[in-house]
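K.L.:
Structure below; questions to follow.
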Amino acid sequence: MRSEASWPLRIAALAGLLFLHLPILLIFLYAFTTDERTFTFPPPGLTTQWFAVAWNRADIWPPLMLSLQVALFSTLLALVLGTLVAAAMSGARFFGRDQLSLLIVLPIALPGVITGIALRSAIPMLHLNFGWQTIVLGHATFCIVIVYNNAVARFRRLSGGILEASADLGANAFQTFRYILLPNLGTALLAGGMLAFALSFDEVIVTTFTAGTGAASKTLPIWMLDELIRPRQRPVTNVVAMVVFATTFLPILLAYYLTREGSETAGSGK
């Protein structure tokens, strides 16, 4: 028999949801305010002019393009390396396997500032100049974990017998991957890729440590942080925040629907 939650429990759940999501709703509200300098509540008036202002702000487009570029390359790198690591860990049994699995997922469990400091110290040893390439390397540290979590969960659902059957029928490794593994891993990899893209697109802490000093290394979240510190047109920052929200929320929502019926791990937020 299905029991319904009591009223106090419902009120507590509603209060928790409001606590989590009310600040996001305020971002949306202040994107329409007529007050350019301060955020007063309630807003003195509502307008849509800031969307046109944001569209015509030349300083927004380079950070936006850089964020998309970094997120795309980080996701592609994570898909390749995360899938290979998941395949290796799922198909082998050896001493210390659990401890190695812990080391693989450790970057997403560590605070971003620790990861950032470590990368800031290690990158000069590779003789690389700080720029968009080093940002990609930094984002890949946690994007790989997201893809790995999804791929390794799907690998555990696959029967080893289908790989043996494929080999018995004369298929080589590439044919087995193309016709057997890839169709079975498709939704898990797609979900992991979308989650990795979303987390990379709005990453701030690791980006701060791995980016260069020039404007060419400023991603959209870093641009937003600078605008909050030295405000110019406050509602424009909220408009851009709405774009970031949509760009990250939609992939996460799609990833949820792709993996909700299976046992894939959707990954942890950074």
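Each chain of the structure tokens is named A, B, ... in the order shown, its residues numbered from 1; ligands are numbered from 1 in display order.
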Quick one: residues within 7 Å of Thr219 (chain A), only C-alpha atoms counted, chain neighbours fewer than 4 positions away excluded, as a list in words?

P.N.:
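Using only C-alpha atoms, the neighbours found are Pro63, Leu64, Leu66, Ser67 and Trp223 of chain A.
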
K.L.:
As a ChimeraX atom specification, please: the residues near Val206 (chain A) (cut-off 7 Å, only C-alpha atoms, same-chain neighbours under 6 positions excluded).

P.N.:
/A:112-113,115-116,138

K.L.:
Could the residues in this selection be written to a file with C-alpha atoms, as a short mmCIF file (atom, residue, chain, number, x, y, z; two decimals), in the first residue's frame?

P.N.:
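The resulting file, again27.cif, is shown below:
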data_model
loop_
_atom_site.label_atom_id
_atom_site.label_comp_id
_atom_site.auth_asym_id
_atom_site.auth_seq_id
_atom_site.Cartn_x
_atom_site.Cartn_y
_atom_site.Cartn_z
CA GLY A 112 38.97 22.35 -7.20
CA VAL A 113 41.58 24.58 -5.59
CA THR A 115 43.50 20.34 -8.42
CA GLY A 116 44.22 23.86 -9.65
CA GLY A 138 42.80 21.00 -16.46
#

K.L.:
Tell me, counting only C-alpha atoms, for each residue of region 106-186 of chain A within 12 Å of region 238-262 of chain A, which pair of atoms is nearest and how far apart they are in Å to one decimal, in rows ordered by chain and increasing number, as a Markdown table.

P.N.:
| residue | atom | partner | partner_atom | distance |
| --- | --- | --- | --- | --- |
| A:Ile146 | CA | A:Ala255 | CA | 11.3 |
| A:Val147 | CA | A:Ala255 | CA | 11.4 |
| A:Asn149 | CA | A:Thr259 | CA | 11.8 |
| A:Asn150 | CA | A:Thr259 | CA | 8.7 |
| A:Ala151 | CA | A:Thr259 | CA | 11.1 |
| A:Ala153 | CA | A:Gly262 | CA | 9.1 |
| A:Arg154 | CA | A:Gly262 | CA | 8.4 |
| A:Phe155 | CA | A:Gly262 | CA | 11.9 |
| A:Arg156 | CA | A:Gly262 | CA | 11.4 |
| A:Arg157 | CA | A:Gly262 | CA | 9.2 |
| A:Asn184 | CA | A:Gly262 | CA | 11.9 |
| A:Leu185 | CA | A:Thr259 | CA | 11.2 |
| A:Gly186 | CA | A:Leu258 | CA | 9.9 |

K.L.:
Store the residues of this selection in a file with N, CA and C atoms, as a PDB file, in the first residue's frame.

P.N.:
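As a result, part-v5.pdb now contains:
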ATOM      1  N   ILE A 146      33.970  11.704 -15.224  1.00  0.00           N
ATOM      2  CA  ILE A 146      32.548  11.640 -15.553  1.00  0.00           C
ATOM      3  C   ILE A 146      32.296  10.565 -16.608  1.00  0.00           C
ATOM      4  N   VAL A 147      33.082  10.569 -17.669  1.00  0.00           N
ATOM      5  CA  VAL A 147      32.919   9.566 -18.729  1.00  0.00           C
ATOM      6  C   VAL A 147      33.247   8.176 -18.187  1.00  0.00           C
ATOM      7  N   ASN A 149      32.930   7.008 -15.140  1.00  0.00           N
ATOM      8  CA  ASN A 149      31.851   6.514 -14.283  1.00  0.00           C
ATOM      9  C   ASN A 149      30.714   5.926 -15.104  1.00  0.00           C
ATOM     10  N   ASN A 150      30.334   6.624 -16.174  1.00  0.00           N
ATOM     11  CA  ASN A 150      29.247   6.129 -17.013  1.00  0.00           C
ATOM     12  C   ASN A 150      29.656   4.884 -17.794  1.00  0.00           C
ATOM     13  N   ALA A 151      30.866   4.902 -18.362  1.00  0.00           N
ATOM     14  CA  ALA A 151      31.302   3.783 -19.198  1.00  0.00           C
ATOM     15  C   ALA A 151      31.537   2.524 -18.373  1.00  0.00           C
ATOM     16  N   ALA A 153      30.179   1.643 -15.587  1.00  0.00           N
ATOM     17  CA  ALA A 153      28.907   1.079 -15.146  1.00  0.00           C
ATOM     18  C   ALA A 153      28.243   0.295 -16.264  1.00  0.00           C
ATOM     19  N   ARG A 154      28.338   0.776 -17.493  1.00  0.00           N
ATOM     20  CA  ARG A 154      27.756   0.045 -18.617  1.00  0.00           C
ATOM     21  C   ARG A 154      28.564  -1.215 -18.931  1.00  0.00           C
ATOM     22  N   PHE A 155      29.894  -1.136 -18.828  1.00  0.00           N
ATOM     23  CA  PHE A 155      30.718  -2.320 -19.052  1.00  0.00           C
ATOM     24  C   PHE A 155      30.344  -3.442 -18.086  1.00  0.00           C
ATOM     25  N   ARG A 156      30.015  -3.086 -16.853  1.00  0.00           N
ATOM     26  CA  ARG A 156      29.680  -4.104 -15.861  1.00  0.00           C
ATOM     27  C   ARG A 156      28.375  -4.812 -16.194  1.00  0.00           C
ATOM     28  N   ARG A 157      27.527  -4.172 -17.005  1.00  0.00           N
ATOM     29  CA  ARG A 157      26.263  -4.784 -17.396  1.00  0.00           C
ATOM     30  C   ARG A 157      26.428  -5.710 -18.590  1.00  0.00           C
ATOM     31  N   ASN A 184      26.321  -0.856 -27.512  1.00  0.00           N
ATOM     32  CA  ASN A 184      25.926  -1.049 -26.120  1.00  0.00           C
ATOM     33  C   ASN A 184      26.383   0.089 -25.221  1.00  0.00           C
ATOM     34  N   LEU A 185      27.470   0.762 -25.615  1.00  0.00           N
ATOM     35  CA  LEU A 185      28.000   1.862 -24.804  1.00  0.00           C
ATOM     36  C   LEU A 185      27.469   3.213 -25.238  1.00  0.00           C
ATOM     37  N   GLY A 186      26.745   3.269 -26.351  1.00  0.00           N
ATOM     38  CA  GLY A 186      26.383   4.545 -26.961  1.00  0.00           C
ATOM     39  C   GLY A 186      25.711   5.529 -26.023  1.00  0.00           C
TER      40      GLY A 186
END

K.L.:
As a ChimeraX atom specification, please: every residue in region 20-194 of chain A that a backbone DSSP assignment puts in helix (DSSP H, G or I).

P.N.:
/A:20-30,49-56,61-90,97-109,112-126,132-157,160-168,173-194

K.L.:
If you count only C-alpha atoms, which residues fall within 8 Å of region 25-31 of chain A, apart from same-chain ones fewer than 2 positions away, as a VMD selection string?

P.N.:
chain A and resid 21 to 23 33 39 43 48 50 235 to 239 241 to 242

K.L.:
Write out, as a compact mmCIF listing (two decimals), in the first residue's frame, the residues just selected, with C-alpha atoms.

P.N.:
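Output below, filename result.txt:
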# COMPACT_ATOMS: atom_id res chain seq x y z
CA HIS A 21 16.41 27.20 -6.48
CA LEU A 22 15.26 30.62 -5.32
CA PRO A 23 18.71 32.21 -6.00
CA THR A 33 15.33 44.80 -14.17
CA PHE A 39 19.76 44.97 -7.41
CA PRO A 43 12.85 45.55 -9.12
CA THR A 48 14.02 43.11 -22.09
CA TRP A 50 19.51 43.90 -21.61
CA PRO A 235 21.73 42.98 -15.65
CA VAL A 236 23.93 41.96 -18.59
CA THR A 237 25.82 39.63 -16.25
CA ASN A 238 22.51 38.03 -15.30
CA VAL A 239 21.58 37.60 -18.96
CA ALA A 241 24.23 33.71 -16.43
CA MET A 242 20.95 32.61 -18.00

K.L.:
For Pro44 (chain A), which of A:Leu79, A:Thr208, A:Phe32, A:Gln133 is the closest residue, counting only C-alpha atoms?

P.N.:
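Smallest separation from Pro44 (chain A) among the options: A:Phe32.
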